[in-house]
Each structure stands twice: as C-alpha cells, then as structure tokens.
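One file, coords30.tsv, carrying TSV, C-alpha atoms:
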```tsv
chain	number	residue	atom	x	y	z
A	1	MET	CA	29.26	0.80	39.69
A	2	MET	CA	25.75	1.14	41.17
A	3	ARG	CA	25.08	4.21	39.04
A	4	SER	CA	26.17	2.33	35.90
A	5	ARG	CA	23.71	-0.52	36.63
A	6	TYR	CA	20.97	2.01	37.28
A	7	LEU	CA	21.63	3.79	33.96
A	8	ASN	CA	21.78	0.45	32.10
A	9	SER	CA	18.43	-0.55	33.64
A	10	ILE	CA	16.83	2.72	32.58
A	11	LEU	CA	18.32	2.47	29.08
A	12	SER	CA	17.04	-1.12	28.72
A	13	LEU	CA	13.58	-0.05	29.87
A	14	LEU	CA	13.49	2.82	27.38
A	15	LEU	CA	14.60	0.58	24.51
A	16	LEU	CA	11.99	-2.03	25.44
A	17	THR	CA	9.23	0.59	25.65
A	18	GLY	CA	10.25	1.99	22.26
A	19	ALA	CA	10.30	-1.49	20.73
A	20	CYS	CA	6.78	-2.20	22.03
A	21	ARG	CA	5.51	1.07	20.56
A	22	ASN	CA	7.13	0.25	17.21
A	23	ASP	CA	5.57	-3.25	17.26
A	24	SER	CA	2.18	-1.74	18.03
A	25	ARG	CA	2.54	0.76	15.20
A	26	SER	CA	3.63	-1.92	12.72
A	27	TYR	CA	0.66	-4.09	13.76
A	28	SER	CA	-1.81	-1.20	13.44
A	29	GLY	CA	-0.33	-0.27	10.07
A	30	LEU	CA	-0.59	-3.86	8.86
A	31	VAL	CA	-4.26	-4.09	9.91
A	32	LYS	CA	-5.09	-0.82	8.10
A	33	LYS	CA	-3.19	-1.90	4.97
A	34	GLU	CA	-4.81	-5.36	4.86
A	35	LEU	CA	-8.36	-4.09	5.45
A	36	ALA	CA	-7.87	-1.38	2.81
A	37	SER	CA	-6.66	-3.99	0.30
A	38	GLY	CA	-10.15	-5.48	0.03
A	39	LYS	CA	-8.66	-8.98	0.21
A	40	ILE	CA	-10.97	-11.53	1.79
A	41	SER	CA	-9.37	-14.47	3.64
A	42	ASN	CA	-12.16	-16.61	5.07
A	43	GLN	CA	-10.33	-19.97	5.34
A	44	LEU	CA	-9.81	-21.13	8.93
A	45	LEU	CA	-9.05	-24.79	9.64
A	46	LEU	CA	-9.64	-27.85	7.50
A	47	ASP	CA	-12.34	-26.26	5.33
A	48	VAL	CA	-14.00	-24.42	8.21
A	49	ARG	CA	-14.38	-20.79	7.16
A	50	PHE	CA	-15.72	-17.43	8.25
A	51	GLY	CA	-19.34	-17.02	7.20
A	52	MET	CA	-20.16	-20.73	7.53
A	53	THR	CA	-23.60	-21.15	9.14
A	54	ARG	CA	-24.21	-23.30	12.22
A	55	LYS	CA	-25.93	-25.91	10.11
A	56	GLU	CA	-23.07	-25.99	7.58
A	57	PHE	CA	-20.50	-26.24	10.40
A	58	TYR	CA	-22.33	-29.05	12.23
A	59	THR	CA	-22.98	-30.96	8.99
A	60	TYR	CA	-19.34	-30.65	7.99
A	61	CYS	CA	-18.10	-31.78	11.43
A	62	TRP	CA	-20.52	-34.72	11.40
A	63	THR	CA	-19.19	-35.79	7.98
A	64	MET	CA	-15.58	-35.46	9.15
A	65	HIS	CA	-16.43	-37.36	12.37
A	66	ASN	CA	-17.90	-40.22	10.34
A	67	LYS	CA	-14.69	-40.33	8.25
A	68	GLY	CA	-12.64	-40.55	11.47
A	69	THR	CA	-10.93	-37.17	10.92
A	70	PHE	CA	-12.64	-35.38	13.82
A	71	GLU	CA	-13.57	-36.62	17.29
A	72	ASP	CA	-15.52	-35.24	20.20
A	73	GLY	CA	-13.29	-32.68	21.86
A	74	ALA	CA	-12.77	-31.47	25.41
A	75	ASN	CA	-15.90	-32.10	27.52
A	76	SER	CA	-17.85	-32.64	24.27
A	77	THR	CA	-17.85	-28.86	23.78
A	78	ALA	CA	-15.22	-28.72	21.03
A	79	VAL	CA	-14.02	-30.55	17.97
A	80	LEU	CA	-10.84	-32.63	18.33
A	81	TYR	CA	-8.35	-33.00	15.48
A	82	HIS	CA	-5.09	-34.95	15.79
A	83	LEU	CA	-1.96	-33.57	14.13
A	84	ARG	CA	0.14	-36.63	13.46
A	85	GLY	CA	1.66	-36.75	10.08
A	86	PRO	CA	4.50	-35.60	7.94
A	87	GLY	CA	4.36	-31.89	7.31
A	88	GLN	CA	2.51	-31.27	10.58
A	89	LEU	CA	4.17	-30.60	13.94
A	90	ARG	CA	7.45	-32.14	15.17
A	91	TYR	CA	5.59	-34.38	17.65
A	92	PRO	CA	2.03	-35.77	17.69
A	93	ALA	CA	-0.39	-33.18	19.04
A	94	SER	CA	-4.09	-32.65	19.63
A	95	MET	CA	-6.08	-29.60	18.65
A	96	ASN	CA	-9.47	-28.73	20.12
A	97	PHE	CA	-11.36	-25.98	18.30
A	98	TYR	CA	-14.77	-24.36	18.17
A	99	PRO	CA	-16.19	-21.26	16.44
A	100	GLU	CA	-18.21	-18.33	17.71
A	101	PHE	CA	-21.31	-17.42	15.74
A	102	ARG	CA	-22.90	-14.04	15.12
A	103	LYS	CA	-26.13	-13.82	13.13
A	104	ASP	CA	-25.81	-17.57	12.53
A	105	SER	CA	-22.38	-17.40	10.89
A	106	ILE	CA	-18.82	-17.94	12.08
A	107	TYR	CA	-16.94	-14.72	12.78
A	108	LYS	CA	-14.39	-15.98	15.35
A	109	MET	CA	-12.84	-19.29	16.26
A	110	TRP	CA	-10.51	-20.53	18.97
A	111	ALA	CA	-8.18	-23.50	18.95
A	112	GLU	CA	-6.07	-25.03	21.71
A	113	LEU	CA	-3.11	-27.30	20.99
A	114	GLU	CA	-1.06	-29.59	23.19
A	115	TYR	CA	1.62	-32.16	22.44
A	116	ASP	CA	0.15	-35.58	23.24
A	117	ALA	CA	3.19	-36.69	25.27
A	118	TRP	CA	3.44	-33.47	27.29
A	119	ALA	CA	4.57	-34.00	30.88
A	120	PRO	CA	6.40	-31.78	33.37
A	121	TRP	CA	9.61	-33.75	32.76
A	122	ASN	CA	9.43	-33.47	28.93
A	123	ARG	CA	10.86	-29.96	28.62
A	124	ASN	CA	11.13	-30.24	24.82
A	125	LEU	CA	7.32	-30.65	24.67
A	126	PHE	CA	6.50	-27.47	26.61
A	127	ALA	CA	4.30	-24.78	25.09
A	128	ASP	CA	7.31	-22.56	24.27
A	129	SER	CA	8.46	-25.14	21.69
A	130	LEU	CA	4.92	-25.93	20.56
A	131	MET	CA	4.19	-22.25	19.95
A	132	LEU	CA	7.15	-21.95	17.56
A	133	ASP	CA	6.09	-25.18	15.82
A	134	VAL	CA	2.55	-23.85	15.41
A	135	VAL	CA	3.85	-20.59	13.91
A	136	ARG	CA	6.02	-22.58	11.47
A	137	LEU	CA	3.09	-24.84	10.50
A	138	TYR	CA	0.68	-21.92	10.15
A	139	ASN	CA	3.10	-20.12	7.85
A	140	GLN	CA	2.73	-23.18	5.57
A	141	TRP	CA	-1.04	-23.43	5.97
A	142	TYR	CA	-1.68	-19.71	5.56
A	143	PRO	CA	0.65	-18.14	2.99
A	144	GLY	CA	0.75	-14.36	2.92
A	145	ASN	CA	2.11	-11.99	5.52
A	146	ASP	CA	4.58	-13.19	8.11
A	147	PHE	CA	3.72	-13.42	11.78
A	148	LEU	CA	4.65	-10.39	13.87
A	149	LYS	CA	6.20	-11.18	17.25
A	150	LEU	CA	4.60	-8.91	19.86
A	151	THR	CA	4.62	-8.62	23.63
A	152	ASP	CA	1.20	-8.59	25.27
A	153	PRO	CA	1.06	-7.36	28.89
A	154	HIS	CA	-1.18	-10.27	29.91
A	155	ARG	CA	-0.13	-13.12	27.61
A	156	GLY	CA	3.58	-12.44	27.17
A	157	THR	CA	5.02	-13.20	23.74
A	158	ILE	CA	2.39	-13.67	21.05
A	159	TYR	CA	2.54	-14.04	17.28
A	160	VAL	CA	0.04	-12.17	15.11
A	161	LYS	CA	-0.70	-12.67	11.41
A	162	VAL	CA	-3.11	-10.53	9.40
A	163	ASP	CA	-4.11	-11.39	5.83
A	164	GLY	CA	-7.01	-9.34	4.49
A	165	ASN	CA	-9.84	-9.62	6.99
A	166	ARG	CA	-8.38	-12.62	8.87
A	167	ARG	CA	-6.30	-12.15	12.02
A	168	ILE	CA	-4.61	-15.12	13.68
A	169	ILE	CA	-3.06	-14.80	17.14
A	170	VAL	CA	-0.86	-17.59	18.55
A	171	GLY	CA	0.08	-17.47	22.22
A	172	LYS	CA	1.06	-19.68	25.12
A	173	ARG	CA	-1.69	-20.38	27.68
A	174	ASP	CA	0.41	-22.35	30.17
A	175	ASP	CA	3.31	-24.81	30.16
A	176	ALA	CA	1.35	-27.34	28.10
A	177	HIS	CA	-1.11	-25.43	25.90
A	178	VAL	CA	-0.96	-22.99	23.01
A	179	ASN	CA	-4.05	-20.97	22.11
A	180	VAL	CA	-4.88	-19.77	18.62
A	181	ASP	CA	-7.53	-17.11	18.06
A	182	TYR	CA	-9.00	-16.41	14.63
A	183	THR	CA	-10.98	-13.22	14.07
A	184	ASN	CA	-12.77	-11.78	11.06
A	185	LEU	CA	-11.71	-8.15	11.46
A	186	LEU	CA	-14.57	-7.01	9.21
A	187	ALA	CA	-17.11	-8.52	11.61
A	188	GLU	CA	-15.28	-7.84	14.88
A	189	ASN	CA	-16.53	-4.28	15.36
A	190	VAL	CA	-19.98	-4.77	13.83
A	191	LYS	CA	-22.60	-4.37	16.55
A	192	GLN	CA	-25.24	-7.01	17.01
A	193	PRO	CA	-28.87	-5.91	16.73
```

Take the structure from the file and write it as structure tokens.
Amino acid sequence: MMRSRYLNSILSLLLLTGACRNDSRSYSGLVKKELASGKISNQLLLDVRFGMTRKEFYTYCWTMHNKGTFEDGANSTAVLYHLRGPGQLRYPASMNFYPEFRKDSIYKMWAELEYDAWAPWNRNLFADSLMLDVVRLYNQWYPGNDFLKLTDPHRGTIYVKVDGNRRIIVGKRDDAHVNVDYTNLLAENVKQP
C-alpha cells in the first residue's frame, strides 16, 4: 500500500514535470513563430498602444479624463478605468494601468484589476474567478492566438497570449487582484543606450 502511494506520487511528479516542459516548449515555439511572422500588434488598452510617446499618452489620458472615461488611479500614479457594461466582465470591476517608457515611447504596460465588491466573504469575486473572466474578455478584445495556460514557479497558474510582437500575461496577484502585463517582444531585449 505504502509502495503504491510512493510510486503514484513519483509518477504524478514525472507527468507534471513533462507537462511543464511541453508548455514551455509550446510557448517558446509560439514566440518564435509570431516574431518570425512579421506581424505587428501594437494595440494595448482603449487606444493606448506600443510606440505612443509620453506626450501622446498624457494628452490622450487627459482627453479621456475630461470625457469621464478615465479617472486618477491608485495613489495618483496610475490611470483608472471602470469595467461596468454589457460585454465586459461578469461583475463591475476597476482596472488601474500605466505604461513603461523607453526612449520616450511605450514598450511595456501593466494593469491591475479587482472586482469592485470584492470582500473576503464574497468567494465568487475572488481573483481565481476574475482571472478567468479577464481571459474570456481579452479573447474578445484581442482576437488571434488563444491564451496558453502555464504554471509559473512564483505566480502559479498564468495565461499567456502572443500575437506578433505583443505578449499579454494574465495572473493572480492575491485573493483580490489580477495582474496583466503587456510587453512588446521586439523592444524587450533591445538595450538602452
């Protein structure tokens, strides 16, 4: 009996290790294929895009703020957008986002989402559910390749989508928050002067 459990544990571990290697290979293959395609996918969120200058980004956010679409985000260091309509998420949510600039243009961006009514007693509003809702919504917003479900040693389950030069990673930060990272793979490995 004990030996059987031991063998089952080892077999499970070997299968899991093999699955992780296969996921890693399929991800690496997808990145190579997409970069080799020459396809350029610069669209990020709500008309924010890779390559946008600081001035263009700030002007755009100011315009959207004046229309009431954007608000000041967390600690006034991010942009806040509310997801509250049909075709969005299952429950009202808030998204804070902000780009990273290199040579005065956007090459990365982060976003953090949370259901507005999240509380420790609202289990259906935990990040596990939100993460799946975000993946569903992003499949609508960003047609192309499907998300790959991967296991990251530090973040746990993550979802990765690569279309041309754009990589999107969706992962759970904690019980309430889901992080989304956008990266321009063409600019990621370019060294700054």

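Between atom CA of A:Glu56 and atom CA of A:Ser105 the separation is 9.2 Å.
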
List every residue of stretch 113-146 of chain A that has an atom at most 8 Å from any atom of stretch 166-174 of chain A, giving for each one its closest atom pair and the distance in Å to one decimal, counting all atoms listed in the file, sorted by chain and then by ascending residue number, as CSV.
```
residue,atom,partner,partner_atom,distance
A:Ala127,CA,A:Lys172,CA,6.0
A:Asp128,CA,A:Lys172,CA,6.9
A:Met131,CA,A:Lys172,CA,6.6
A:Val134,CA,A:Val170,CA,7.8
A:Val135,CA,A:Val170,CA,7.3
```

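Closest to A:Met52 among A:Tyr107, A:Phe147, A:Trp141, A:Tyr115 is A:Tyr107, based on all atoms listed in the file.
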
Could you work out how far atom CA of A:Asp152 lies from atom CA of A:Asn165, giving the answer in Å with one decimal?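 About the pair atom CA of A:Asn165 and atom CA of A:Asp152: they are 21.4 Å apart.
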
Given only C-alpha atoms as the counted atoms, nearest of A:Leu44, A:Ile106, A:Leu186, A:Leu80 to A:Gly68: A:Leu80

Using all atoms listed in the file, which residue out of A:Asp104, A:Pro92, A:Ser129, A:Leu30 lies closest to A:Tyr58? A:Asp104

Give me, please, the distance in Å between atom CA of A:Leu46 and atom CA of A:Thr183, quoted to one decimal.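 Value for the atom CA of A:Leu46-atom CA of A:Thr183 distance: 16.1 Å.
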
Could you give me, as an MDAnalysis selection string, the residues that have an atom at most 12 Å away from the point (-18.3, -27.2, 10.7) in the coordinates of the file, using all atoms listed in the file? chainID A and resid 44:65 70 78:80 97:101 105:106 109

With C-alpha atoms kept, could you save the residues just selected as an mmCIF file, in the coordinates of the input?
```cif
data_model
loop_
_atom_site.group_PDB
_atom_site.id
_atom_site.type_symbol
_atom_site.label_atom_id
_atom_site.label_comp_id
_atom_site.auth_asym_id
_atom_site.auth_seq_id
_atom_site.Cartn_x
_atom_site.Cartn_y
_atom_site.Cartn_z
ATOM 1 C CA LEU A 44 -9.810 -21.130 8.930
ATOM 2 C CA LEU A 45 -9.050 -24.790 9.640
ATOM 3 C CA LEU A 46 -9.640 -27.850 7.500
ATOM 4 C CA ASP A 47 -12.340 -26.260 5.330
ATOM 5 C CA VAL A 48 -14.000 -24.420 8.210
ATOM 6 C CA ARG A 49 -14.380 -20.790 7.160
ATOM 7 C CA PHE A 50 -15.720 -17.430 8.250
ATOM 8 C CA GLY A 51 -19.340 -17.020 7.200
ATOM 9 C CA MET A 52 -20.160 -20.730 7.530
ATOM 10 C CA THR A 53 -23.600 -21.150 9.140
ATOM 11 C CA ARG A 54 -24.210 -23.300 12.220
ATOM 12 C CA LYS A 55 -25.930 -25.910 10.110
ATOM 13 C CA GLU A 56 -23.070 -25.990 7.580
ATOM 14 C CA PHE A 57 -20.500 -26.240 10.400
ATOM 15 C CA TYR A 58 -22.330 -29.050 12.230
ATOM 16 C CA THR A 59 -22.980 -30.960 8.990
ATOM 17 C CA TYR A 60 -19.340 -30.650 7.990
ATOM 18 C CA CYS A 61 -18.100 -31.780 11.430
ATOM 19 C CA TRP A 62 -20.520 -34.720 11.400
ATOM 20 C CA THR A 63 -19.190 -35.790 7.980
ATOM 21 C CA MET A 64 -15.580 -35.460 9.150
ATOM 22 C CA HIS A 65 -16.430 -37.360 12.370
ATOM 23 C CA PHE A 70 -12.640 -35.380 13.820
ATOM 24 C CA ALA A 78 -15.220 -28.720 21.030
ATOM 25 C CA VAL A 79 -14.020 -30.550 17.970
ATOM 26 C CA LEU A 80 -10.840 -32.630 18.330
ATOM 27 C CA PHE A 97 -11.360 -25.980 18.300
ATOM 28 C CA TYR A 98 -14.770 -24.360 18.170
ATOM 29 C CA PRO A 99 -16.190 -21.260 16.440
ATOM 30 C CA GLU A 100 -18.210 -18.330 17.710
ATOM 31 C CA PHE A 101 -21.310 -17.420 15.740
ATOM 32 C CA SER A 105 -22.380 -17.400 10.890
ATOM 33 C CA ILE A 106 -18.820 -17.940 12.080
ATOM 34 C CA MET A 109 -12.840 -19.290 16.260
#
```

Would you mind putting N, CA and C atoms back on stretch 174-189 of chain A and writing the result as a PDB file, in the frame of the given file?
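The resulting rebuild_28.pdb:
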```
ATOM      1  N   ASP A 174      -0.295 -21.860  28.985  1.00  0.00           N
ATOM      2  CA  ASP A 174       0.410 -22.350  30.170  1.00  0.00           C
ATOM      3  C   ASP A 174       1.557 -23.222  29.684  1.00  0.00           C
ATOM      4  N   ASP A 175       2.153 -23.998  30.556  1.00  0.00           N
ATOM      5  CA  ASP A 175       3.310 -24.810  30.160  1.00  0.00           C
ATOM      6  C   ASP A 175       2.977 -25.856  29.093  1.00  0.00           C
ATOM      7  N   ALA A 176       1.721 -26.270  29.013  1.00  0.00           N
ATOM      8  CA  ALA A 176       1.350 -27.340  28.100  1.00  0.00           C
ATOM      9  C   ALA A 176       0.588 -26.872  26.859  1.00  0.00           C
ATOM     10  N   HIS A 177      -0.149 -25.792  26.941  1.00  0.00           N
ATOM     11  CA  HIS A 177      -1.110 -25.430  25.900  1.00  0.00           C
ATOM     12  C   HIS A 177      -0.745 -24.152  25.154  1.00  0.00           C
ATOM     13  N   VAL A 178      -1.070 -24.165  23.861  1.00  0.00           N
ATOM     14  CA  VAL A 178      -0.960 -22.990  23.010  1.00  0.00           C
ATOM     15  C   VAL A 178      -2.358 -22.673  22.493  1.00  0.00           C
ATOM     16  N   ASN A 179      -2.753 -21.419  22.612  1.00  0.00           N
ATOM     17  CA  ASN A 179      -4.050 -20.970  22.110  1.00  0.00           C
ATOM     18  C   ASN A 179      -3.867 -20.259  20.787  1.00  0.00           C
ATOM     19  N   VAL A 180      -4.833 -20.469  19.895  1.00  0.00           N
ATOM     20  CA  VAL A 180      -4.880 -19.770  18.620  1.00  0.00           C
ATOM     21  C   VAL A 180      -6.255 -19.124  18.519  1.00  0.00           C
ATOM     22  N   ASP A 181      -6.271 -17.838  18.227  1.00  0.00           N
ATOM     23  CA  ASP A 181      -7.530 -17.110  18.060  1.00  0.00           C
ATOM     24  C   ASP A 181      -7.615 -16.591  16.637  1.00  0.00           C
ATOM     25  N   TYR A 182      -8.727 -16.890  15.979  1.00  0.00           N
ATOM     26  CA  TYR A 182      -9.000 -16.410  14.630  1.00  0.00           C
ATOM     27  C   TYR A 182     -10.113 -15.368  14.737  1.00  0.00           C
ATOM     28  N   THR A 183      -9.953 -14.258  14.046  1.00  0.00           N
ATOM     29  CA  THR A 183     -10.980 -13.220  14.070  1.00  0.00           C
ATOM     30  C   THR A 183     -11.173 -12.658  12.674  1.00  0.00           C
ATOM     31  N   ASN A 184     -12.433 -12.492  12.288  1.00  0.00           N
ATOM     32  CA  ASN A 184     -12.770 -11.780  11.060  1.00  0.00           C
ATOM     33  C   ASN A 184     -12.824 -10.304  11.434  1.00  0.00           C
ATOM     34  N   LEU A 185     -11.808  -9.551  11.068  1.00  0.00           N
ATOM     35  CA  LEU A 185     -11.710  -8.150  11.460  1.00  0.00           C
ATOM     36  C   LEU A 185     -12.848  -7.305  10.881  1.00  0.00           C
ATOM     37  N   LEU A 186     -13.443  -7.745   9.769  1.00  0.00           N
ATOM     38  CA  LEU A 186     -14.570  -7.010   9.210  1.00  0.00           C
ATOM     39  C   LEU A 186     -15.826  -7.161  10.067  1.00  0.00           C
ATOM     40  N   ALA A 187     -15.934  -8.267  10.782  1.00  0.00           N
ATOM     41  CA  ALA A 187     -17.110  -8.520  11.610  1.00  0.00           C
ATOM     42  C   ALA A 187     -16.869  -8.201  13.079  1.00  0.00           C
ATOM     43  N   GLU A 188     -15.609  -8.012  13.472  1.00  0.00           N
ATOM     44  CA  GLU A 188     -15.280  -7.840  14.880  1.00  0.00           C
ATOM     45  C   GLU A 188     -15.953  -6.618  15.502  1.00  0.00           C
ATOM     46  N   ASN A 189     -15.977  -5.515  14.799  1.00  0.00           N
ATOM     47  CA  ASN A 189     -16.530  -4.280  15.360  1.00  0.00           C
ATOM     48  C   ASN A 189     -17.956  -3.997  14.940  1.00  0.00           C
TER      49      ASN A 189
END
```
